[in-house]
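Here's the structure we're looking at; comments come further down.
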Amino acid sequence: MPLHSVIEKFINQLEFSAPLNHRNLMLFPITYPENGNPAIPYITLDEAFEKQFLTISEVSDGGIVPILKVTNNSDHKILILDGEELIGAKQNRILNTTILVPEKISLPIPVSCVEANRWHYVSPEFKTAGTQAHVNLRAKKAASVYRNLKVFKEYRSNQAEVWDIVDHILYCLRTESPTSALHDAYIHHTVTLDDYVKALSFQSGQKGIAVAINNRFVCADIFDKSETLEKYWKKLIRSYALDALVNLIEPESNNQKNIPQSDSEHLKEEIAQIKVQMLQSESDSFKSVGLGDDIRIRGKKLIGTSLVYEQTPIHFAIFRTETTENTSVNDVFGFLYHRRFR
């Protein structure tokens, strides 16, 4: 289908500012004018946990890998971001899509496991990890979720692929993890990741970030409010930095690759072209797990998703991908794995 009208208008308004960079990671702040609609009131997942407004648990004592239960006990809408990590219960998970949880409700939420070698309780409920899935994982997951939405009408990822990606990053970053947990990579590299956060400051008024690693655009995250991006800043920067580290470290040795010199002019041209490609993309609309609609975007080597509520894109994410192929055998297998075994 043609690009959704709300998304087309949104993309047309995006403006990119002078970049910030640290080592091989470059960020272009994104701004855009107000759309004239009233601001959507909500709080973030971390705020909701801090105020004890919600609980997230396994759906039953036995648990099911791709589904958790969220209960919002408050009078606030709660934003849970695509890729946010939850730790505890029977195994750590990440969200498969951005969700705006309504007030006073319990509902199932789609997730992927990022801790393959644990299936036992370490706590009755989940807590926020303060971390986000890295770009490569989010991009591959977005593609498989899109394909499974079109075929099965469910927000399922290719779980086997997710485990492979987690294993790969643990190997590249030389992180020992008895349970093959993505979270261990963040713990192991805390100091280095925080260096990126310290070097890359949130710019007042910006609502999004276009991200380049090794002089190559990889993704963008954009929100409806500057305050939301500021609250997610550290979590997002650490997730981008994890991918940046993979591009610095040779798995075969302890030597680092040469850090490429930043080329902001080249990247400005590339990002301008990415914007054109986004406007030439196609989209499909699906009912969101929570409030609003989940708009999926597919373009020339681009995959994206946006949660739209009351004609407002609450969160828009776009990723570079090397393929735009339709449903694969592996996606179907990954989906059927959960049907059969858990």
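If you're wondering about the labels, chains in the structure tokens are A, B, ... by order shown, residues count from 1 in each chain, ligands from 1 in order shown.
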
Residues of region 50-160 of chain A within 9 Å of region 222-244 of chain A: nearest atom pair and distance (Å, one decimal) for each, counting only C-alpha atoms, sorted by chain and number, as a Markdown table?
| residue | atom | partner | partner_atom | distance |
| --- | --- | --- | --- | --- |
| A:Glu84 | CA | A:Lys235 | CA | 8.7 |
| A:Gly130 | CA | A:Lys235 | CA | 6.3 |
| A:Thr131 | CA | A:Lys235 | CA | 5.3 |
| A:Gln132 | CA | A:Ser239 | CA | 5.7 |
| A:Ala133 | CA | A:Ser239 | CA | 6.1 |
| A:His134 | CA | A:Ser239 | CA | 4.5 |
| A:Val135 | CA | A:Tyr240 | CA | 6.2 |
| A:Asn136 | CA | A:Asp243 | CA | 7.1 |

Shell of 10 Å around region 37-51 of chain A, only C-alpha atoms, local chain residues under 5 positions omitted, as JSON, numbers by chain: {"A": [56, 72, 73, 74, 75, 76, 77, 78, 79, 80, 81, 84, 100, 101, 102, 103, 126, 127, 128, 129, 130, 224, 225, 228, 231, 232, 309, 310, 311, 312, 314]}

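Each of A:Leu245, A:Leu302, A:Met278, A:Leu14 was compared to Arg174 (chain A) using only C-alpha atoms, and A:Leu245 turns out to be the nearest.
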
Region 100-215 of chain A: residues DSSP assigns to strand (DSSP E), reported as a PyMOL selection string: chain A and resi 100-101+105-113+126-132+208-213

Glu269 (chain A) environment, 12 Å, only C-alpha atoms, sequence neighbours closer than 5 positions dropped, as a VMD selection string: chain A and resid 16 215 to 217 263 to 264 274 to 276

DSSP alpha helix (DSSP H) selection over region 14-256 of chain A, as a PyMOL selection string: chain A and resi 45-50+135-152+159-172+182-188+190-199+226-246

Residues within 7 Å of region 57-64 of chain A, only C-alpha atoms, excluding chain neighbours under 6 positions, as a PyMOL selection string: chain A and resi 70+89+125-126+342

Write out, as a PDB file, in the first residue's frame, the residues just selected, with C-alpha atoms.
ATOM      1  CA  VAL A  70       1.382  -6.107  31.667  1.00  0.00           C
ATOM      2  CA  ALA A  89      10.986 -13.908  35.916  1.00  0.00           C
ATOM      3  CA  GLU A 125       7.913 -10.260  38.162  1.00  0.00           C
ATOM      4  CA  PHE A 126      10.067  -8.334  35.708  1.00  0.00           C
ATOM      5  CA  ARG A 342       6.177 -23.306  24.403  1.00  0.00           C
TER       6      ARG A 342
END

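For the set A:Ile271, A:Asn21, A:Leu307, A:Ile249, the residue with the smallest atom-to-atom gap to Tyr171 (chain A) is A:Ile249, counting only C-alpha atoms.
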
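Using only C-alpha atoms, the residues found no farther than 12 Å from Ser283 (chain A), other than those of its own chain fewer than 5 positions away, are Met1, Pro2, Leu3, His4, Ser5, Val6, Ile7, Glu8, Tyr146, Lys150, Met278, Asp294, Ile295, Arg296, Ile297, Arg298, Gly299, Leu302, Ile303, Gly304, Thr305 and Ser306 of chain A.
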
With N, CA and C atoms retained, export the selected residues as a PDB file, in the first residue's frame.
ATOM      1  N   MET A   1       0.831  -1.198   0.000  1.00  0.00           N
ATOM      2  CA  MET A   1       0.000   0.000   0.000  1.00  0.00           C
ATOM      3  C   MET A   1       0.873   1.259   0.000  1.00  0.00           C
ATOM      4  N   PRO A   2       0.351   2.378  -0.537  1.00  0.00           N
ATOM      5  CA  PRO A   2       1.123   3.632  -0.503  1.00  0.00           C
ATOM      6  C   PRO A   2       1.439   4.031   0.933  1.00  0.00           C
ATOM      7  N   LEU A   3       2.411   4.905   1.080  1.00  0.00           N
ATOM      8  CA  LEU A   3       2.813   5.373   2.398  1.00  0.00           C
ATOM      9  C   LEU A   3       1.635   6.032   3.095  1.00  0.00           C
ATOM     10  N   HIS A   4       1.438   5.675   4.360  1.00  0.00           N
ATOM     11  CA  HIS A   4       0.346   6.214   5.168  1.00  0.00           C
ATOM     12  C   HIS A   4       0.430   7.743   5.184  1.00  0.00           C
ATOM     13  N   SER A   5      -0.709   8.424   5.034  1.00  0.00           N
ATOM     14  CA  SER A   5      -0.717   9.879   4.894  1.00  0.00           C
ATOM     15  C   SER A   5      -0.130  10.590   6.106  1.00  0.00           C
ATOM     16  N   VAL A   6      -0.420  10.081   7.313  1.00  0.00           N
ATOM     17  CA  VAL A   6       0.136  10.695   8.519  1.00  0.00           C
ATOM     18  C   VAL A   6       1.655  10.575   8.531  1.00  0.00           C
ATOM     19  N   ILE A   7       2.163   9.415   8.124  1.00  0.00           N
ATOM     20  CA  ILE A   7       3.607   9.189   8.097  1.00  0.00           C
ATOM     21  C   ILE A   7       4.264  10.022   7.006  1.00  0.00           C
ATOM     22  N   GLU A   8       3.627  10.137   5.852  1.00  0.00           N
ATOM     23  CA  GLU A   8       4.190  10.944   4.772  1.00  0.00           C
ATOM     24  C   GLU A   8       4.329  12.403   5.206  1.00  0.00           C
ATOM     25  N   TYR A 146       7.240  -7.695  10.982  1.00  0.00           N
ATOM     26  CA  TYR A 146       6.436  -7.206   9.852  1.00  0.00           C
ATOM     27  C   TYR A 146       5.944  -8.374   9.009  1.00  0.00           C
ATOM     28  N   LYS A 150       1.978  -9.748   8.486  1.00  0.00           N
ATOM     29  CA  LYS A 150       1.297  -9.896   7.197  1.00  0.00           C
ATOM     30  C   LYS A 150       0.763 -11.307   6.988  1.00  0.00           C
ATOM     31  N   MET A 278      12.430   7.071   2.250  1.00  0.00           N
ATOM     32  CA  MET A 278      11.303   6.868   3.162  1.00  0.00           C
ATOM     33  C   MET A 278      10.001   7.326   2.520  1.00  0.00           C
ATOM     34  N   ASP A 294      -0.360   0.491  14.526  1.00  0.00           N
ATOM     35  CA  ASP A 294       1.044   0.176  14.279  1.00  0.00           C
ATOM     36  C   ASP A 294       1.258   0.218  12.773  1.00  0.00           C
ATOM     37  N   ILE A 295       1.975   1.241  12.314  1.00  0.00           N
ATOM     38  CA  ILE A 295       2.231   1.405  10.880  1.00  0.00           C
ATOM     39  C   ILE A 295       3.591   0.811  10.551  1.00  0.00           C
ATOM     40  N   ARG A 296       3.617  -0.146   9.643  1.00  0.00           N
ATOM     41  CA  ARG A 296       4.872  -0.777   9.223  1.00  0.00           C
ATOM     42  C   ARG A 296       5.279  -0.231   7.860  1.00  0.00           C
ATOM     43  N   ILE A 297       6.558   0.096   7.708  1.00  0.00           N
ATOM     44  CA  ILE A 297       7.071   0.764   6.519  1.00  0.00           C
ATOM     45  C   ILE A 297       8.139  -0.100   5.868  1.00  0.00           C
ATOM     46  N   ARG A 298       8.062  -0.231   4.551  1.00  0.00           N
ATOM     47  CA  ARG A 298       9.081  -0.983   3.821  1.00  0.00           C
ATOM     48  C   ARG A 298       9.475  -0.191   2.589  1.00  0.00           C
ATOM     49  N   GLY A 299      10.760   0.088   2.453  1.00  0.00           N
ATOM     50  CA  GLY A 299      11.262   0.802   1.295  1.00  0.00           C
ATOM     51  C   GLY A 299      12.489   0.130   0.740  1.00  0.00           C
ATOM     52  N   LEU A 302      15.101  -0.347   3.444  1.00  0.00           N
ATOM     53  CA  LEU A 302      14.665   0.286   4.676  1.00  0.00           C
ATOM     54  C   LEU A 302      13.505  -0.496   5.263  1.00  0.00           C
ATOM     55  N   ILE A 303      13.477  -0.606   6.579  1.00  0.00           N
ATOM     56  CA  ILE A 303      12.334  -1.202   7.272  1.00  0.00           C
ATOM     57  C   ILE A 303      12.020  -0.299   8.455  1.00  0.00           C
ATOM     58  N   GLY A 304      10.748  -0.070   8.704  1.00  0.00           N
ATOM     59  CA  GLY A 304      10.413   0.856   9.782  1.00  0.00           C
ATOM     60  C   GLY A 304       9.086   0.553  10.426  1.00  0.00           C
ATOM     61  N   THR A 305       8.843   1.243  11.524  1.00  0.00           N
ATOM     62  CA  THR A 305       7.605   1.064  12.270  1.00  0.00           C
ATOM     63  C   THR A 305       7.261   2.355  12.990  1.00  0.00           C
ATOM     64  N   SER A 306       5.967   2.619  13.139  1.00  0.00           N
ATOM     65  CA  SER A 306       5.537   3.805  13.868  1.00  0.00           C
ATOM     66  C   SER A 306       4.237   3.517  14.607  1.00  0.00           C
TER      67      SER A 306
END

Shell of 12 Å around Lys300 (chain A), only C-alpha atoms, local chain residues under 4 positions omitted, as number ranges by chain: A: 273-282, 304, 318-325

Output for the residues just chosen: C-alpha atoms as a JSON list (two decimals), in the first residue's frame:
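As a result, out20.json now contains:
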[["chain", "number", "residue", "atom", "x", "y", "z"],
["A", 273, "GLN", "CA", 18.64, 10.42, 0.34],
["A", 274, "ILE", "CA", 17.28, 8.22, 3.14],
["A", 275, "LYS", "CA", 14.49, 10.77, 3.63],
["A", 276, "VAL", "CA", 13.65, 10.53, -0.08],
["A", 277, "GLN", "CA", 13.62, 6.73, 0.15],
["A", 278, "MET", "CA", 11.30, 6.87, 3.16],
["A", 279, "LEU", "CA", 8.85, 9.00, 1.19],
["A", 280, "GLN", "CA", 8.95, 6.44, -1.63],
["A", 281, "SER", "CA", 8.21, 3.56, 0.76],
["A", 282, "GLU", "CA", 5.07, 1.47, 1.14],
["A", 304, "GLY", "CA", 10.41, 0.86, 9.78],
["A", 318, "ILE", "CA", 13.51, 3.36, 10.65],
["A", 319, "PHE", "CA", 16.40, 0.96, 10.00],
["A", 320, "ARG", "CA", 18.74, 0.22, 7.15],
["A", 321, "THR", "CA", 18.32, -3.35, 6.03],
["A", 322, "GLU", "CA", 20.01, -5.37, 3.34],
["A", 323, "THR", "CA", 16.83, -7.03, 2.13],
["A", 324, "THR", "CA", 13.16, -6.28, 1.52],
["A", 325, "GLU", "CA", 12.18, -9.88, 0.90]]
